[in-house]
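Listing of data.txt, compact mmCIF, N, CA and C atoms and all ligand atoms
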# COMPACT_ATOMS: atom_id res chain seq x y z
N MET O 579 0.84 -1.22 0.00
CA MET O 579 0.00 0.00 0.00
C MET O 579 0.86 1.25 0.00
N LYS O 580 1.99 1.20 0.70
CA LYS O 580 2.91 2.35 0.75
C LYS O 580 3.44 2.67 -0.65
N LEU O 581 3.80 1.61 -1.41
CA LEU O 581 4.32 1.78 -2.77
C LEU O 581 3.31 2.48 -3.66
N LEU O 582 2.08 2.04 -3.56
CA LEU O 582 1.01 2.62 -4.38
C LEU O 582 0.85 4.09 -4.06
N ALA O 583 0.84 4.43 -2.79
CA ALA O 583 0.67 5.82 -2.37
C ALA O 583 1.79 6.69 -2.93
N ALA O 584 3.01 6.16 -2.94
CA ALA O 584 4.15 6.94 -3.41
C ALA O 584 4.05 7.21 -4.91
N SER O 585 3.60 6.21 -5.68
CA SER O 585 3.51 6.41 -7.12
C SER O 585 2.38 7.37 -7.47
N LEU O 586 1.31 7.34 -6.73
CA LEU O 586 0.21 8.27 -6.96
C LEU O 586 0.67 9.70 -6.73
N LEU O 587 1.48 9.88 -5.72
CA LEU O 587 1.98 11.20 -5.37
C LEU O 587 2.83 11.76 -6.51
N THR O 588 3.68 10.93 -7.07
CA THR O 588 4.54 11.34 -8.18
C THR O 588 3.70 11.75 -9.39
N LEU O 589 2.65 10.98 -9.66
CA LEU O 589 1.75 11.28 -10.77
C LEU O 589 1.10 12.65 -10.62
N ALA O 590 0.76 12.99 -9.42
CA ALA O 590 0.00 14.21 -9.17
C ALA O 590 0.87 15.46 -9.24
N MET O 591 2.16 15.31 -9.04
CA MET O 591 3.06 16.45 -8.93
C MET O 591 3.06 17.42 -10.12
N PRO O 592 3.23 16.93 -11.38
CA PRO O 592 3.32 17.88 -12.50
C PRO O 592 2.08 18.77 -12.60
N MET O 593 0.91 18.23 -12.30
CA MET O 593 -0.32 19.00 -12.37
C MET O 593 -0.33 20.11 -11.33
N VAL O 594 0.21 19.83 -10.17
CA VAL O 594 0.27 20.83 -9.11
C VAL O 594 1.16 22.00 -9.54
N ALA O 595 2.29 21.68 -10.18
CA ALA O 595 3.26 22.69 -10.57
C ALA O 595 2.72 23.66 -11.61
N GLN O 596 1.81 23.16 -12.49
CA GLN O 596 1.30 24.00 -13.56
C GLN O 596 0.19 24.96 -13.10
N ALA O 597 -0.45 24.65 -12.03
CA ALA O 597 -1.63 25.41 -11.63
C ALA O 597 -1.25 26.75 -11.03
N GLU O 598 -2.18 27.67 -11.08
CA GLU O 598 -1.94 28.98 -10.49
C GLU O 598 -2.45 29.03 -9.06
N ILE O 599 -3.02 27.93 -8.64
CA ILE O 599 -3.54 27.85 -7.28
C ILE O 599 -2.60 26.97 -6.46
N LEU O 600 -2.33 27.41 -5.27
CA LEU O 600 -1.47 26.64 -4.38
C LEU O 600 -2.35 25.91 -3.38
N VAL O 601 -2.21 24.59 -3.35
CA VAL O 601 -2.95 23.78 -2.38
C VAL O 601 -1.96 23.32 -1.33
N THR O 602 -2.16 23.73 -0.10
CA THR O 602 -1.23 23.33 0.96
C THR O 602 -1.94 22.53 2.04
N ASP O 603 -1.16 21.69 2.69
CA ASP O 603 -1.62 20.88 3.81
C ASP O 603 -2.93 20.12 3.57
N PRO O 604 -3.05 19.40 2.44
CA PRO O 604 -4.26 18.58 2.30
C PRO O 604 -4.20 17.41 3.28
N TRP O 605 -5.32 17.06 3.85
CA TRP O 605 -5.35 15.89 4.74
C TRP O 605 -6.79 15.44 4.95
N ALA O 606 -6.91 14.21 5.42
CA ALA O 606 -8.23 13.66 5.74
C ALA O 606 -8.08 12.84 7.00
N ARG O 607 -9.20 12.59 7.64
CA ARG O 607 -9.19 11.75 8.84
C ARG O 607 -9.47 10.30 8.46
N ALA O 608 -8.82 9.40 9.17
CA ALA O 608 -9.08 7.98 8.96
C ALA O 608 -10.55 7.68 9.27
N SER O 609 -11.11 6.71 8.56
CA SER O 609 -12.51 6.32 8.76
C SER O 609 -12.72 5.74 10.15
N ILE O 610 -13.89 6.01 10.70
CA ILE O 610 -14.26 5.41 11.97
C ILE O 610 -15.18 4.23 11.68
N LEU O 611 -14.80 3.07 12.16
CA LEU O 611 -15.56 1.84 11.95
C LEU O 611 -15.92 1.67 10.48
N ALA O 612 -17.17 1.42 10.18
CA ALA O 612 -17.55 1.15 8.79
C ALA O 612 -18.18 2.36 8.11
N SER O 613 -18.00 3.54 8.68
CA SER O 613 -18.61 4.73 8.10
C SER O 613 -18.17 4.93 6.66
N ARG O 614 -19.13 5.24 5.79
CA ARG O 614 -18.78 5.48 4.40
C ARG O 614 -18.70 6.98 4.11
N LEU O 615 -18.66 7.76 5.19
CA LEU O 615 -18.50 9.20 5.07
C LEU O 615 -17.11 9.60 5.52
N GLY O 616 -16.56 10.60 4.90
CA GLY O 616 -15.27 11.12 5.34
C GLY O 616 -15.22 12.61 5.07
N ALA O 617 -14.18 13.25 5.59
CA ALA O 617 -14.01 14.68 5.35
C ALA O 617 -12.56 14.96 5.00
N ALA O 618 -12.35 15.86 4.06
CA ALA O 618 -10.99 16.25 3.68
C ALA O 618 -10.84 17.75 3.87
N TYR O 619 -9.62 18.15 4.20
CA TYR O 619 -9.33 19.55 4.50
C TYR O 619 -8.09 19.99 3.75
N LEU O 620 -7.98 21.27 3.46
CA LEU O 620 -6.81 21.81 2.79
C LEU O 620 -6.85 23.33 2.83
N THR O 621 -5.76 23.94 2.40
CA THR O 621 -5.71 25.40 2.30
C THR O 621 -5.46 25.78 0.85
N LEU O 622 -6.25 26.74 0.36
CA LEU O 622 -6.15 27.20 -1.03
C LEU O 622 -5.65 28.63 -1.06
N THR O 623 -4.63 28.89 -1.87
CA THR O 623 -4.15 30.26 -2.04
C THR O 623 -4.04 30.52 -3.54
N SER O 624 -4.58 31.65 -3.99
CA SER O 624 -4.55 31.97 -5.42
C SER O 624 -4.04 33.38 -5.62
N SER O 625 -3.32 33.58 -6.73
CA SER O 625 -2.84 34.93 -7.03
C SER O 625 -3.94 35.76 -7.68
N GLU O 626 -4.96 35.06 -8.21
CA GLU O 626 -6.09 35.76 -8.83
C GLU O 626 -7.38 35.36 -8.13
N ALA O 627 -8.42 36.17 -8.33
CA ALA O 627 -9.73 35.80 -7.80
C ALA O 627 -10.17 34.53 -8.53
N ASP O 628 -10.63 33.56 -7.78
CA ASP O 628 -11.06 32.31 -8.38
C ASP O 628 -12.18 31.72 -7.55
N ARG O 629 -12.69 30.60 -8.01
CA ARG O 629 -13.81 29.96 -7.31
C ARG O 629 -13.69 28.45 -7.47
N LEU O 630 -13.73 27.77 -6.35
CA LEU O 630 -13.73 26.30 -6.38
C LEU O 630 -15.15 25.86 -6.73
N LEU O 631 -15.29 25.16 -7.85
CA LEU O 631 -16.62 24.81 -8.33
C LEU O 631 -17.03 23.39 -7.97
N GLN O 632 -16.06 22.47 -8.07
CA GLN O 632 -16.42 21.06 -7.96
C GLN O 632 -15.22 20.26 -7.50
N VAL O 633 -15.48 19.17 -6.80
CA VAL O 633 -14.40 18.30 -6.33
C VAL O 633 -14.80 16.86 -6.59
N THR O 634 -13.86 16.07 -7.09
CA THR O 634 -14.12 14.65 -7.30
C THR O 634 -12.96 13.84 -6.73
N SER O 635 -13.20 12.56 -6.46
CA SER O 635 -12.14 11.69 -5.97
C SER O 635 -12.45 10.25 -6.35
N PRO O 636 -11.43 9.51 -6.78
CA PRO O 636 -11.66 8.09 -7.05
C PRO O 636 -12.01 7.32 -5.76
N ALA O 637 -11.72 7.90 -4.61
CA ALA O 637 -11.97 7.23 -3.33
C ALA O 637 -13.43 7.37 -2.89
N ALA O 638 -14.15 8.31 -3.49
CA ALA O 638 -15.52 8.58 -3.05
C ALA O 638 -16.48 8.65 -4.23
N GLY O 639 -17.71 8.19 -4.01
CA GLY O 639 -18.72 8.25 -5.05
C GLY O 639 -19.07 9.68 -5.39
N HIS O 640 -18.98 10.54 -4.38
CA HIS O 640 -19.42 11.92 -4.53
C HIS O 640 -18.70 12.77 -3.51
N VAL O 641 -18.26 13.96 -3.90
CA VAL O 641 -17.63 14.89 -2.93
C VAL O 641 -18.45 16.16 -2.90
N MET O 642 -18.84 16.58 -1.70
CA MET O 642 -19.64 17.79 -1.55
C MET O 642 -18.85 18.85 -0.82
N LEU O 643 -19.16 20.09 -1.15
CA LEU O 643 -18.57 21.21 -0.43
C LEU O 643 -19.52 21.55 0.70
N HIS O 644 -19.04 21.47 1.93
CA HIS O 644 -19.88 21.75 3.08
C HIS O 644 -19.37 22.92 3.89
N GLY O 645 -20.29 23.73 4.37
CA GLY O 645 -19.97 24.76 5.33
C GLY O 645 -20.63 24.40 6.64
N VAL O 646 -20.35 25.14 7.70
CA VAL O 646 -21.00 24.89 8.98
C VAL O 646 -21.73 26.16 9.41
N GLU O 647 -23.02 25.99 9.75
CA GLU O 647 -23.86 27.10 10.18
C GLU O 647 -24.25 26.88 11.63
N THR O 648 -24.16 27.93 12.44
CA THR O 648 -24.58 27.81 13.84
C THR O 648 -25.80 28.71 14.05
N ASN O 649 -26.89 28.12 14.58
CA ASN O 649 -28.11 28.91 14.78
C ASN O 649 -28.07 29.65 16.12
N ALA O 650 -29.14 30.39 16.42
CA ALA O 650 -29.20 31.23 17.63
C ALA O 650 -29.05 30.40 18.91
N ALA O 651 -29.47 29.14 18.85
CA ALA O 651 -29.38 28.26 20.02
C ALA O 651 -27.99 27.64 20.16
N GLY O 652 -27.09 27.97 19.23
CA GLY O 652 -25.73 27.45 19.30
C GLY O 652 -25.57 26.07 18.71
N VAL O 653 -26.60 25.62 17.98
CA VAL O 653 -26.52 24.30 17.36
C VAL O 653 -25.95 24.43 15.95
N SER O 654 -24.89 23.67 15.69
CA SER O 654 -24.25 23.73 14.37
C SER O 654 -24.76 22.63 13.46
N ARG O 655 -24.85 22.94 12.20
CA ARG O 655 -25.19 21.91 11.22
C ARG O 655 -24.43 22.18 9.93
N MET O 656 -24.26 21.12 9.14
CA MET O 656 -23.55 21.26 7.89
C MET O 656 -24.51 21.70 6.80
N VAL O 657 -24.04 22.59 5.95
CA VAL O 657 -24.87 23.06 4.83
C VAL O 657 -24.08 22.92 3.53
N ASN O 658 -24.81 22.65 2.46
CA ASN O 658 -24.16 22.57 1.14
C ASN O 658 -23.74 23.95 0.68
N ILE O 659 -22.56 24.02 0.07
CA ILE O 659 -22.10 25.27 -0.54
C ILE O 659 -21.99 25.02 -2.03
N GLN O 660 -22.46 25.95 -2.83
CA GLN O 660 -22.43 25.75 -4.29
C GLN O 660 -21.05 26.02 -4.88
N GLY O 661 -20.26 26.83 -4.22
CA GLY O 661 -18.92 27.14 -4.70
C GLY O 661 -18.19 27.88 -3.61
N LEU O 662 -16.88 27.91 -3.70
CA LEU O 662 -16.09 28.54 -2.65
C LEU O 662 -15.23 29.63 -3.29
N ASP O 663 -15.52 30.89 -2.94
CA ASP O 663 -14.77 32.01 -3.51
C ASP O 663 -13.41 32.15 -2.87
N ILE O 664 -12.41 32.45 -3.70
CA ILE O 664 -11.05 32.64 -3.22
C ILE O 664 -10.60 34.04 -3.64
N SER O 665 -10.24 34.87 -2.67
CA SER O 665 -9.75 36.21 -2.97
C SER O 665 -8.26 36.14 -3.22
N PRO O 666 -7.74 37.00 -4.11
CA PRO O 666 -6.30 36.96 -4.42
C PRO O 666 -5.45 37.15 -3.17
N GLY O 667 -4.51 36.26 -2.97
CA GLY O 667 -3.55 36.40 -1.88
C GLY O 667 -4.07 36.08 -0.50
N THR O 668 -5.35 35.75 -0.38
CA THR O 668 -5.90 35.42 0.94
C THR O 668 -6.16 33.92 1.02
N PRO O 669 -5.40 33.22 1.86
CA PRO O 669 -5.60 31.77 1.96
C PRO O 669 -6.99 31.42 2.50
N VAL O 670 -7.60 30.42 1.90
CA VAL O 670 -8.88 29.90 2.38
C VAL O 670 -8.58 28.53 2.99
N THR O 671 -8.84 28.39 4.28
CA THR O 671 -8.52 27.14 4.95
C THR O 671 -9.79 26.36 5.29
N LEU O 672 -9.83 25.12 4.81
CA LEU O 672 -10.90 24.22 5.19
C LEU O 672 -10.38 23.42 6.39
N ALA O 673 -11.13 23.40 7.48
CA ALA O 673 -10.64 22.79 8.71
C ALA O 673 -11.81 22.21 9.50
N PRO O 674 -11.54 21.27 10.42
CA PRO O 674 -12.61 20.70 11.24
C PRO O 674 -13.40 21.80 11.95
N GLY O 675 -14.72 21.67 11.97
CA GLY O 675 -15.58 22.66 12.60
C GLY O 675 -15.90 23.82 11.67
N ASN O 676 -15.30 23.80 10.49
CA ASN O 676 -15.49 24.87 9.52
C ASN O 676 -15.83 24.23 8.17
N SER O 677 -15.62 24.97 7.10
CA SER O 677 -15.88 24.38 5.78
C SER O 677 -15.00 23.16 5.55
N HIS O 678 -15.54 22.20 4.80
CA HIS O 678 -14.79 20.97 4.53
C HIS O 678 -15.28 20.33 3.25
N LEU O 679 -14.53 19.38 2.77
CA LEU O 679 -14.94 18.59 1.62
C LEU O 679 -15.51 17.29 2.16
N MET O 680 -16.80 17.07 1.94
CA MET O 680 -17.46 15.88 2.47
C MET O 680 -17.33 14.76 1.45
N LEU O 681 -16.72 13.66 1.89
CA LEU O 681 -16.55 12.52 1.00
C LEU O 681 -17.71 11.56 1.24
N MET O 682 -18.57 11.43 0.25
CA MET O 682 -19.75 10.57 0.37
C MET O 682 -19.47 9.25 -0.33
N ASP O 683 -20.13 8.18 0.15
CA ASP O 683 -20.00 6.86 -0.49
C ASP O 683 -18.55 6.45 -0.74
N LEU O 684 -17.75 6.47 0.31
CA LEU O 684 -16.36 6.02 0.19
C LEU O 684 -16.34 4.60 -0.36
N SER O 685 -15.42 4.34 -1.29
CA SER O 685 -15.36 3.00 -1.86
C SER O 685 -14.83 2.00 -0.83
N ARG O 686 -14.01 2.51 0.11
CA ARG O 686 -13.57 1.68 1.23
C ARG O 686 -13.08 2.59 2.34
N LYS O 687 -12.73 2.00 3.47
CA LYS O 687 -12.27 2.80 4.61
C LYS O 687 -11.02 3.59 4.26
N LEU O 688 -10.89 4.77 4.83
CA LEU O 688 -9.65 5.55 4.71
C LEU O 688 -8.75 5.12 5.87
N GLU O 689 -7.63 4.48 5.54
CA GLU O 689 -6.73 3.97 6.56
C GLU O 689 -5.61 4.97 6.82
N GLU O 690 -5.29 5.16 8.07
CA GLU O 690 -4.20 6.06 8.45
C GLU O 690 -2.91 5.67 7.71
N GLY O 691 -2.22 6.65 7.15
CA GLY O 691 -0.96 6.39 6.45
C GLY O 691 -1.12 6.27 4.94
N GLU O 692 -2.37 6.08 4.49
CA GLU O 692 -2.63 6.00 3.05
C GLU O 692 -2.74 7.39 2.44
N THR O 693 -2.77 7.41 1.13
CA THR O 693 -2.96 8.66 0.39
C THR O 693 -4.01 8.41 -0.69
N PHE O 694 -4.89 9.38 -0.92
CA PHE O 694 -5.83 9.25 -2.05
C PHE O 694 -5.82 10.55 -2.85
N LEU O 695 -6.34 10.49 -4.06
CA LEU O 695 -6.33 11.67 -4.93
C LEU O 695 -7.64 12.43 -4.86
N LEU O 696 -7.50 13.73 -5.00
CA LEU O 696 -8.66 14.62 -4.99
C LEU O 696 -8.47 15.57 -6.17
N THR O 697 -9.47 15.70 -7.02
CA THR O 697 -9.37 16.63 -8.14
C THR O 697 -10.28 17.82 -7.88
N LEU O 698 -9.68 19.00 -7.88
CA LEU O 698 -10.41 20.23 -7.61
C LEU O 698 -10.62 20.96 -8.94
N VAL O 699 -11.82 21.43 -9.19
CA VAL O 699 -12.10 22.17 -10.43
C VAL O 699 -12.38 23.63 -10.08
N PHE O 700 -11.52 24.51 -10.62
CA PHE O 700 -11.65 25.94 -10.36
C PHE O 700 -12.15 26.65 -11.62
N GLU O 701 -12.85 27.75 -11.40
CA GLU O 701 -13.40 28.53 -12.51
C GLU O 701 -12.28 29.05 -13.41
N VAL O 702 -11.21 29.60 -12.83
CA VAL O 702 -10.12 30.20 -13.61
C VAL O 702 -8.95 29.23 -13.81
N ALA O 703 -8.50 28.63 -12.75
CA ALA O 703 -7.29 27.79 -12.80
C ALA O 703 -7.53 26.42 -13.43
N GLY O 704 -8.79 26.02 -13.56
CA GLY O 704 -9.09 24.72 -14.14
C GLY O 704 -8.93 23.59 -13.15
N LYS O 705 -8.54 22.42 -13.66
CA LYS O 705 -8.45 21.22 -12.83
C LYS O 705 -7.10 21.10 -12.14
N LEU O 706 -7.14 20.65 -10.92
CA LEU O 706 -5.92 20.48 -10.14
C LEU O 706 -6.09 19.21 -9.30
N THR O 707 -5.14 18.30 -9.41
CA THR O 707 -5.23 17.05 -8.64
C THR O 707 -4.17 17.02 -7.56
N VAL O 708 -4.57 16.73 -6.35
CA VAL O 708 -3.63 16.67 -5.24
C VAL O 708 -3.74 15.32 -4.53
N ALA O 709 -2.63 14.91 -3.92
CA ALA O 709 -2.62 13.69 -3.12
C ALA O 709 -2.93 14.08 -1.67
N VAL O 710 -3.87 13.39 -1.07
CA VAL O 710 -4.31 13.72 0.29
C VAL O 710 -3.90 12.62 1.26
N PRO O 711 -3.01 12.90 2.21
CA PRO O 711 -2.63 11.89 3.20
C PRO O 711 -3.75 11.70 4.23
N VAL O 712 -3.92 10.46 4.66
CA VAL O 712 -4.91 10.15 5.69
C VAL O 712 -4.22 10.12 7.05
N LEU O 713 -4.66 10.97 7.94
CA LEU O 713 -4.11 11.02 9.30
C LEU O 713 -4.98 10.20 10.25
N GLY O 714 -4.61 10.15 11.49
CA GLY O 714 -5.35 9.37 12.48
C GLY O 714 -6.77 9.85 12.69
N PRO O 715 -7.64 9.02 13.29
CA PRO O 715 -9.05 9.37 13.46
C PRO O 715 -9.28 10.60 14.34
N GLY O 716 -8.33 10.93 15.22
CA GLY O 716 -8.51 12.08 16.10
C GLY O 716 -7.70 13.30 15.68
N ALA O 717 -7.06 13.22 14.51
CA ALA O 717 -6.17 14.32 14.07
C ALA O 717 -6.95 15.62 13.87
N MET O 718 -6.30 16.73 14.17
CA MET O 718 -6.92 18.04 13.96
C MET O 718 -6.23 18.79 12.81
N GLY O 719 -5.12 18.24 12.30
CA GLY O 719 -4.43 18.88 11.19
C GLY O 719 -3.07 18.27 10.99
N PRO O 720 -2.47 18.55 9.83
CA PRO O 720 -1.18 17.92 9.49
C PRO O 720 -0.02 18.40 10.37
N THR O 721 -0.07 19.62 10.86
CA THR O 721 1.07 20.13 11.64
C THR O 721 1.08 19.52 13.04
N GLU O 722 -0.14 19.24 13.55
CA GLU O 722 -0.26 18.66 14.89
C GLU O 722 0.24 17.23 14.92
N GLU O 723 0.20 16.58 13.75
CA GLU O 723 0.53 15.18 13.65
C GLU O 723 1.99 14.89 13.96
N ARG O 724 2.88 15.82 13.58
CA ARG O 724 4.31 15.60 13.83
C ARG O 724 4.85 16.72 14.70
N PRO O 725 4.98 16.47 15.99
CA PRO O 725 5.42 17.53 16.89
C PRO O 725 6.92 17.87 16.70
CU CU V 1 -20.02 17.75 5.88
Any chance you could give the structure as structure tokens?
Amino acid sequence: MKLLAASLLTLAMPMVAQAEILVTDPWARASILASRLGAAYLTLTSSEADRLLQVTSPAAGHVMLHGVETNAAGVSRMVNIQGLDISPGTPVTLAPGNSHLMLMDLSRKLEEGETFLLTLVFEVAGKLTVAVPVLGPGAMGPTEERP
């Protein structure tokens, strides 16, 4: 499995280099039990105004853009977002408790240490494919993982 992850990463590299959008710190949480839902997070930085329109992954049947809304009673719920605007030079961070990429109908469990591909479609920059490492089930981000 490690070998496969490494070759996928190499494949994804040239596409990353050509894009005008910088994707940093992509990561996902390992699946809990048999859940077929997952979430992926990353930071997007663009030199131009752009908009994330769509996300796909071979690991998931469907990827949705989700935001989090908190009502007057303090109860949070996830809401669908039709697109994610990116202002020039301002990083947009998707993180737990905030906006995220919801992975629906996972083809199989996301195991810690694995990597899967995510293709992001932007209005201006076009398609961009990144390799997403799977961290532990309780991880809060890639920097916390390695002290
Ligand atoms: Cu969600």
**Request:** Could you find all residues in chain O that DSSP calls strand (DSSP E) from the backbone, and write them as a PyMOL selection string?
**Result:** chain O and resi 599-607+616-624+628-634+638-648+654-658+662-664+670-671+678-684+693-700+704-713
**Request:** Give the residues close to ligand CU 1 (chain V), within 6.5 Å, counting all atoms listed in the file; write them as number ranges by chain.
**Result:** O: 643-645, 656-657, 678-680
**Message:** Can you measure atom C of Leu681 (chain O) to CA of Thr602 (chain O) for me? One decimal in Å is fine.
**Reply:** 20.3 Å
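Nearest to Ala673 (chain O) of all the residues O:Leu611, O:Leu695, O:Ala717, O:Ile599 is O:Ala717, based on only C-alpha atoms.
Note that atom C of Gly667 (chain O) and CA of Leu698 (chain O) are 18.5 Å apart.
Atom C of Ser625 (chain O) is found 28.1 Å from CA of Met718 (chain O).
Residues within 6 Å of Leu706 (chain O), counting all atoms listed in the file and excluding same-chain residues fewer than 6 positions away, are O:Met593, O:Leu696, O:Thr697, O:Leu698, O:Val699, O:Phe700.
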**Request:** Would you mind writing down, as a count of residues only, each residue of chain O that DSSP on the backbone assigns to helix (DSSP H, G or I)?
**Result:** 21
Could you put an axis-aligned box around every listed atom of region 680-690 of chain O, padded by 4 Å on each side, and send me its centre and edge lengths in Å to one decimal, as JSON?
{"center_x": -11.5, "center_y": 9.4, "center_z": 3.3, "size_x": 25.2, "size_y": 23.4, "size_z": 18.3}
Can you complete the atoms of region 642-653 of chain O to N, CA, C and O atoms and list them as an mmCIF file, in the coordinates of the input?
data_model
loop_
_atom_site.group_PDB
_atom_site.id
_atom_site.type_symbol
_atom_site.label_atom_id
_atom_site.label_comp_id
_atom_site.auth_asym_id
_atom_site.auth_seq_id
_atom_site.Cartn_x
_atom_site.Cartn_y
_atom_site.Cartn_z
ATOM 1 N N MET O 642 -18.840 16.580 -1.700
ATOM 2 C CA MET O 642 -19.640 17.790 -1.550
ATOM 3 C C MET O 642 -18.850 18.850 -0.820
ATOM 4 O O MET O 642 -18.001 18.541 0.020
ATOM 5 N N LEU O 643 -19.160 20.090 -1.150
ATOM 6 C CA LEU O 643 -18.570 21.210 -0.430
ATOM 7 C C LEU O 643 -19.520 21.550 0.700
ATOM 8 O O LEU O 643 -20.684 21.866 0.475
ATOM 9 N N HIS O 644 -19.040 21.470 1.930
ATOM 10 C CA HIS O 644 -19.880 21.750 3.080
ATOM 11 C C HIS O 644 -19.370 22.920 3.890
ATOM 12 O O HIS O 644 -18.162 23.081 4.083
ATOM 13 N N GLY O 645 -20.290 23.730 4.370
ATOM 14 C CA GLY O 645 -19.970 24.760 5.330
ATOM 15 C C GLY O 645 -20.630 24.400 6.640
ATOM 16 O O GLY O 645 -21.373 23.414 6.710
ATOM 17 N N VAL O 646 -20.350 25.140 7.700
ATOM 18 C CA VAL O 646 -21.000 24.890 8.980
ATOM 19 C C VAL O 646 -21.730 26.160 9.410
ATOM 20 O O VAL O 646 -21.176 27.256 9.381
ATOM 21 N N GLU O 647 -23.020 25.990 9.750
ATOM 22 C CA GLU O 647 -23.860 27.100 10.180
ATOM 23 C C GLU O 647 -24.250 26.880 11.630
ATOM 24 O O GLU O 647 -24.609 25.772 12.013
ATOM 25 N N THR O 648 -24.160 27.930 12.440
ATOM 26 C CA THR O 648 -24.580 27.810 13.840
ATOM 27 C C THR O 648 -25.800 28.710 14.050
ATOM 28 O O THR O 648 -25.776 29.887 13.726
ATOM 29 N N ASN O 649 -26.890 28.120 14.580
ATOM 30 C CA ASN O 649 -28.110 28.910 14.780
ATOM 31 C C ASN O 649 -28.070 29.650 16.120
ATOM 32 O O ASN O 649 -27.098 29.548 16.872
ATOM 33 N N ALA O 650 -29.140 30.390 16.420
ATOM 34 C CA ALA O 650 -29.200 31.230 17.630
ATOM 35 C C ALA O 650 -29.050 30.400 18.910
ATOM 36 O O ALA O 650 -28.532 30.876 19.912
ATOM 37 N N ALA O 651 -29.470 29.140 18.850
ATOM 38 C CA ALA O 651 -29.380 28.260 20.020
ATOM 39 C C ALA O 651 -27.990 27.640 20.160
ATOM 40 O O ALA O 651 -27.733 26.879 21.085
ATOM 41 N N GLY O 652 -27.090 27.970 19.230
ATOM 42 C CA GLY O 652 -25.730 27.450 19.300
ATOM 43 C C GLY O 652 -25.570 26.070 18.710
ATOM 44 O O GLY O 652 -24.556 25.417 18.907
ATOM 45 N N VAL O 653 -26.600 25.620 17.980
ATOM 46 C CA VAL O 653 -26.520 24.300 17.360
ATOM 47 C C VAL O 653 -25.950 24.430 15.950
ATOM 48 O O VAL O 653 -26.450 25.202 15.142
#
